[in-house]
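Chemist: Below is the file final_29.txt, with compact mmCIF, C-alpha atoms.
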# COMPACT_ATOMS: atom_id res chain seq x y z
CA MET T 401 0.00 0.00 0.00
CA SER T 402 1.44 3.38 -1.00
CA TYR T 403 1.71 6.37 1.33
CA LEU T 404 -0.93 8.07 -0.81
CA ASP T 405 -3.24 5.10 -0.22
CA LYS T 406 -2.55 5.20 3.53
CA VAL T 407 -3.16 8.92 3.94
CA THR T 408 -6.27 8.73 1.74
CA GLU T 409 -7.63 5.90 3.89
CA MET T 410 -6.80 7.84 7.06
CA TYR T 411 -8.73 10.91 5.89
CA LYS T 412 -11.61 8.70 4.75
CA MET T 413 -11.79 7.39 8.32
CA LEU T 414 -11.75 10.98 9.64
CA GLY T 415 -14.65 11.84 7.32
CA GLU T 416 -16.58 8.87 8.75
CA GLY T 417 -16.13 10.19 12.30
CA LYS T 418 -13.47 7.60 13.16
CA MET T 419 -10.83 10.10 14.24
CA MET T 420 -9.47 8.08 17.15
CA ASP T 421 -9.51 4.83 15.17
CA ALA T 422 -7.42 6.54 12.50
CA PHE T 423 -5.12 7.98 15.16
CA GLU T 424 -4.51 4.57 16.74
CA LYS T 425 -3.90 2.90 13.39
CA TYR T 426 -1.73 5.45 11.63
CA TYR T 427 0.35 7.19 14.32
CA ALA T 428 3.54 5.75 15.83
CA GLU T 429 4.18 5.57 19.58
CA ASN T 430 6.99 8.12 19.20
CA VAL T 431 5.03 10.54 16.99
CA VAL T 432 5.90 14.23 17.16
CA MET T 433 3.22 16.76 16.19
CA ILE T 434 4.07 20.41 15.56
CA GLU T 435 1.35 23.05 15.46
CA ALA T 436 1.50 26.18 13.28
CA THR T 437 2.18 28.11 16.51
CA GLY T 438 5.36 26.11 17.00
CA ASP T 439 3.94 24.13 19.93
CA VAL T 440 5.37 20.59 19.92
CA ARG T 441 3.73 17.48 21.36
CA GLU T 442 5.90 14.38 21.64
CA GLY T 443 4.62 10.84 22.01
CA LYS T 444 1.38 9.10 21.20
CA ASP T 445 -0.04 9.41 24.74
CA LYS T 446 0.33 13.20 24.81
CA ASN T 447 -1.10 13.53 21.30
CA ARG T 448 -3.99 11.16 22.10
CA GLU T 449 -4.90 13.36 25.08
CA PHE T 450 -4.79 16.46 22.86
CA GLU T 451 -7.03 14.84 20.22
CA LEU T 452 -9.55 13.68 22.83
CA GLN T 453 -9.71 17.18 24.34
CA PHE T 454 -10.27 18.65 20.87
CA LEU T 455 -13.09 16.20 20.15
CA ASP T 456 -14.64 16.95 23.54
CA SER T 457 -14.70 20.69 22.68
CA ILE T 458 -16.91 20.11 19.60
CA LYS T 459 -20.65 20.61 19.81
CA GLU T 460 -21.46 19.97 16.13
CA MET T 461 -19.62 19.18 12.90
CA HIS T 462 -21.16 20.83 9.85
CA GLY T 463 -18.81 19.40 7.27
CA GLY T 464 -15.26 18.86 6.20
CA GLY T 465 -13.21 17.63 3.33
CA ILE T 466 -9.98 17.54 1.39
CA TYR T 467 -8.93 20.19 -1.13
CA SER T 468 -5.80 18.32 -2.18
CA ILE T 469 -3.70 15.34 -1.20
CA THR T 470 -0.32 14.14 -2.41
CA SER T 471 2.68 12.07 -1.41
CA ASN T 472 6.32 11.54 -2.28
CA GLU T 473 6.64 7.77 -2.24
CA GLU T 474 10.45 7.88 -2.30
CA THR T 475 10.82 10.06 0.82
CA GLY T 476 7.72 8.86 2.72
CA VAL T 477 6.15 12.31 2.98
CA SER T 478 2.48 13.06 2.38
CA MET T 479 0.59 16.36 2.44
CA VAL T 480 -3.10 17.07 2.86
CA GLU T 481 -4.91 20.38 2.47
CA SER T 482 -8.21 20.05 4.33
CA TRP T 483 -11.06 21.98 5.91
CA MET T 484 -13.59 21.48 8.68
CA ASP T 485 -16.67 23.54 9.67
CA THR T 486 -17.30 23.15 13.39
CA THR T 487 -19.37 24.64 16.18
CA PHE T 488 -17.61 24.38 19.50
CA LYS T 489 -19.30 23.97 22.87
CA ASP T 490 -18.51 27.62 23.65
CA GLY T 491 -20.81 28.61 20.75
CA ASN T 492 -18.11 29.70 18.29
CA ARG T 493 -18.48 28.35 14.76
CA MET T 494 -15.34 28.15 12.66
CA LYS T 495 -14.33 27.00 9.24
CA MET T 496 -10.78 25.80 9.77
CA GLU T 497 -8.38 25.16 6.92
CA GLU T 498 -4.95 23.59 7.25
CA VAL T 499 -2.16 21.78 5.51
CA ALA T 500 -0.76 18.75 7.30
CA VAL T 501 2.62 17.34 6.30
CA GLN T 502 3.14 13.75 7.45
CA TYR T 503 6.46 11.92 7.65
CA TRP T 504 5.99 8.15 7.49
CA GLU T 505 8.10 5.22 8.61
CA GLY T 506 6.53 2.02 7.37
CA ASP T 507 2.80 2.06 8.09
CA GLN T 508 2.79 4.90 10.62
CA ILE T 509 3.35 8.62 10.88
CA VAL T 510 6.32 9.58 13.05
CA LYS T 511 6.11 13.34 12.56
CA GLU T 512 3.30 15.66 11.49
CA ARG T 513 3.48 19.41 11.04
CA PHE T 514 0.43 21.64 10.63
CA TYR T 515 0.19 24.91 8.74
CA TYR T 516 -2.85 27.15 9.30
CA ASN T 517 -3.83 30.74 10.01
CA THR T 518 -3.12 31.47 13.66
CA ASN T 519 -4.85 34.89 13.70
The structure given in the file should be rewritten as structure tokens.

Modeler:
Amino acid sequence: MSYLDKVTEMYKMLGEGKMMDAFEKYYAENVVMIEATGDVREGKDKNREFELQFLDSIKEMHGGGIYSITSNEETGVSMVESWMDTTFKDGNRMKMEEVAVQYWEGDQIVKERFYYNTN
């Protein structure tokens, strides 16, 4: 299975509401995630906690999708430009857009960096 196939399957799972299933399947124990703000989270446990807190902050999902997706099979790097329209429990509704760059080793992501508007 190519990296493009893997990342496509992962985002399909996200679209089906299986965010944590995708996280468990596709992220390595030593994963490092870097936010656009420069904040770094190291390790699957810390990132799992972050993802669960994010999901808990959501009141309603109005939609989401992928603008573009690509991978470099030789270097094991994939990139996804995606969006999500969400109402949070605090009442704020946001359309969030980001680019995620994933660095793969075998079947799992070991590093992921996010690019989005921080304003």

Chemist: So which one's closest to T:Met413, T:Ala500, T:Ile458, T:Gly465, T:Asp445? Using all atoms listed in the file, please.

Modeler: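 Answer, going by the shortest atom-to-atom distance: T:Gly465.
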
Chemist: Compare T:Ala436, T:Leu414, T:Ile466, T:Leu452 by their minimum atom-to-atom distance to T:Arg513, counting only C-alpha atoms, and give me the closest one.

Modeler: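 Using only C-alpha atoms, T:Arg513 sits closest to T:Ala436.
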
Chemist: Residues near T:Val432, anyone? I mean within 6 Å using all atoms listed in the file, not counting same-chain ones fewer than 6 positions away, as a ChimeraX atom specification.

Modeler: /T:441-442,511

Chemist: Counting only C-alpha atoms, which residues of stretch 431-478 of chain T fall within 12 Å of stretch 486-494 of chain T, and what is the closest atom pair for each with its distance in Å at one decimal, ordered by chain and rising number, as JSON lines?

Modeler:
{"residue": "T:Gln453", "atom": "CA", "partner": "T:Phe488", "partner_atom": "CA", "distance": 11.7}
{"residue": "T:Phe454", "atom": "CA", "partner": "T:Phe488", "partner_atom": "CA", "distance": 9.4}
{"residue": "T:Leu455", "atom": "CA", "partner": "T:Phe488", "partner_atom": "CA", "distance": 9.4}
{"residue": "T:Asp456", "atom": "CA", "partner": "T:Lys489", "partner_atom": "CA", "distance": 8.5}
{"residue": "T:Ser457", "atom": "CA", "partner": "T:Lys489", "partner_atom": "CA", "distance": 5.7}
{"residue": "T:Ile458", "atom": "CA", "partner": "T:Phe488", "partner_atom": "CA", "distance": 4.3}
{"residue": "T:Lys459", "atom": "CA", "partner": "T:Lys489", "partner_atom": "CA", "distance": 4.7}
{"residue": "T:Glu460", "atom": "CA", "partner": "T:Thr487", "partner_atom": "CA", "distance": 5.1}
{"residue": "T:Met461", "atom": "CA", "partner": "T:Thr486", "partner_atom": "CA", "distance": 4.6}
{"residue": "T:His462", "atom": "CA", "partner": "T:Thr486", "partner_atom": "CA", "distance": 5.7}
{"residue": "T:Gly463", "atom": "CA", "partner": "T:Thr486", "partner_atom": "CA", "distance": 7.3}
{"residue": "T:Gly464", "atom": "CA", "partner": "T:Thr486", "partner_atom": "CA", "distance": 8.6}

Chemist: Considering all atoms listed in the file, can you say which of T:Val501, T:Met496, T:Met420, T:Ala428 comes closest to T:Gly476?

Modeler: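 Using all atoms listed in the file, T:Gly476 sits closest to T:Val501.
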
Chemist: Please determine, counting all atoms listed in the file, which residue among T:Lys418, T:Lys412, T:Lys495, T:Lys444 has the shortest atom-to-atom distance to T:Val510.

Modeler: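 Selected residue with least distance to T:Val510: T:Lys444.
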
Chemist: As an mmCIF file, keeping the file's coordinate frame, could you write out stretch 407-426 of chain T once it has been completed with N, CA and C atoms?

Modeler:
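Written output follows (result_29.cif):
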data_model
loop_
_atom_site.group_PDB
_atom_site.id
_atom_site.type_symbol
_atom_site.label_atom_id
_atom_site.label_comp_id
_atom_site.auth_asym_id
_atom_site.auth_seq_id
_atom_site.Cartn_x
_atom_site.Cartn_y
_atom_site.Cartn_z
ATOM 1 N N VAL T 407 -2.652 7.627 3.494
ATOM 2 C CA VAL T 407 -3.160 8.920 3.940
ATOM 3 C C VAL T 407 -4.591 9.141 3.434
ATOM 4 N N THR T 408 -4.900 8.633 2.256
ATOM 5 C CA THR T 408 -6.270 8.730 1.740
ATOM 6 C C THR T 408 -7.218 7.929 2.620
ATOM 7 N N GLU T 409 -6.815 6.722 3.004
ATOM 8 C CA GLU T 409 -7.630 5.900 3.890
ATOM 9 C C GLU T 409 -7.795 6.568 5.257
ATOM 10 N N MET T 410 -6.721 7.170 5.764
ATOM 11 C CA MET T 410 -6.800 7.840 7.060
ATOM 12 C C MET T 410 -7.822 8.976 7.014
ATOM 13 N N TYR T 411 -7.791 9.792 5.978
ATOM 14 C CA TYR T 411 -8.730 10.910 5.890
ATOM 15 C C TYR T 411 -10.151 10.440 5.586
ATOM 16 N N LYS T 412 -10.285 9.294 4.931
ATOM 17 C CA LYS T 412 -11.610 8.700 4.750
ATOM 18 C C LYS T 412 -12.188 8.328 6.117
ATOM 19 N N MET T 413 -11.360 7.741 6.964
ATOM 20 C CA MET T 413 -11.790 7.390 8.320
ATOM 21 C C MET T 413 -12.188 8.651 9.104
ATOM 22 N N LEU T 414 -11.414 9.728 8.959
ATOM 23 C CA LEU T 414 -11.750 10.980 9.640
ATOM 24 C C LEU T 414 -13.117 11.481 9.180
ATOM 25 N N GLY T 415 -13.373 11.405 7.870
ATOM 26 C CA GLY T 415 -14.650 11.840 7.320
ATOM 27 C C GLY T 415 -15.824 10.995 7.807
ATOM 28 N N GLU T 416 -15.551 9.770 8.218
ATOM 29 C CA GLU T 416 -16.580 8.870 8.750
ATOM 30 C C GLU T 416 -16.741 9.005 10.259
ATOM 31 N N GLY T 417 -16.039 9.990 10.861
ATOM 32 C CA GLY T 417 -16.130 10.190 12.300
ATOM 33 C C GLY T 417 -15.292 9.223 13.110
ATOM 34 N N LYS T 418 -14.323 8.583 12.481
ATOM 35 C CA LYS T 418 -13.470 7.600 13.160
ATOM 36 C C LYS T 418 -12.087 8.181 13.447
ATOM 37 N N MET T 419 -12.083 9.388 14.015
ATOM 38 C CA MET T 419 -10.830 10.100 14.240
ATOM 39 C C MET T 419 -9.864 9.311 15.118
ATOM 40 N N MET T 420 -10.361 8.790 16.228
ATOM 41 C CA MET T 420 -9.470 8.080 17.150
ATOM 42 C C MET T 420 -9.049 6.725 16.602
ATOM 43 N N ASP T 421 -9.910 6.082 15.829
ATOM 44 C CA ASP T 421 -9.510 4.830 15.170
ATOM 45 C C ASP T 421 -8.364 5.083 14.203
ATOM 46 N N ALA T 422 -8.480 6.175 13.433
ATOM 47 C CA ALA T 422 -7.420 6.540 12.500
ATOM 48 C C ALA T 422 -6.139 6.887 13.243
ATOM 49 N N PHE T 423 -6.285 7.612 14.350
ATOM 50 C CA PHE T 423 -5.120 7.980 15.160
ATOM 51 C C PHE T 423 -4.399 6.729 15.654
ATOM 52 N N GLU T 424 -5.133 5.788 16.198
ATOM 53 C CA GLU T 424 -4.510 4.570 16.740
ATOM 54 C C GLU T 424 -3.837 3.748 15.650
ATOM 55 N N LYS T 425 -4.433 3.714 14.480
ATOM 56 C CA LYS T 425 -3.900 2.900 13.390
ATOM 57 C C LYS T 425 -2.677 3.522 12.719
ATOM 58 N N TYR T 426 -2.720 4.828 12.511
ATOM 59 C CA TYR T 426 -1.730 5.450 11.630
ATOM 60 C C TYR T 426 -0.643 6.265 12.324
#
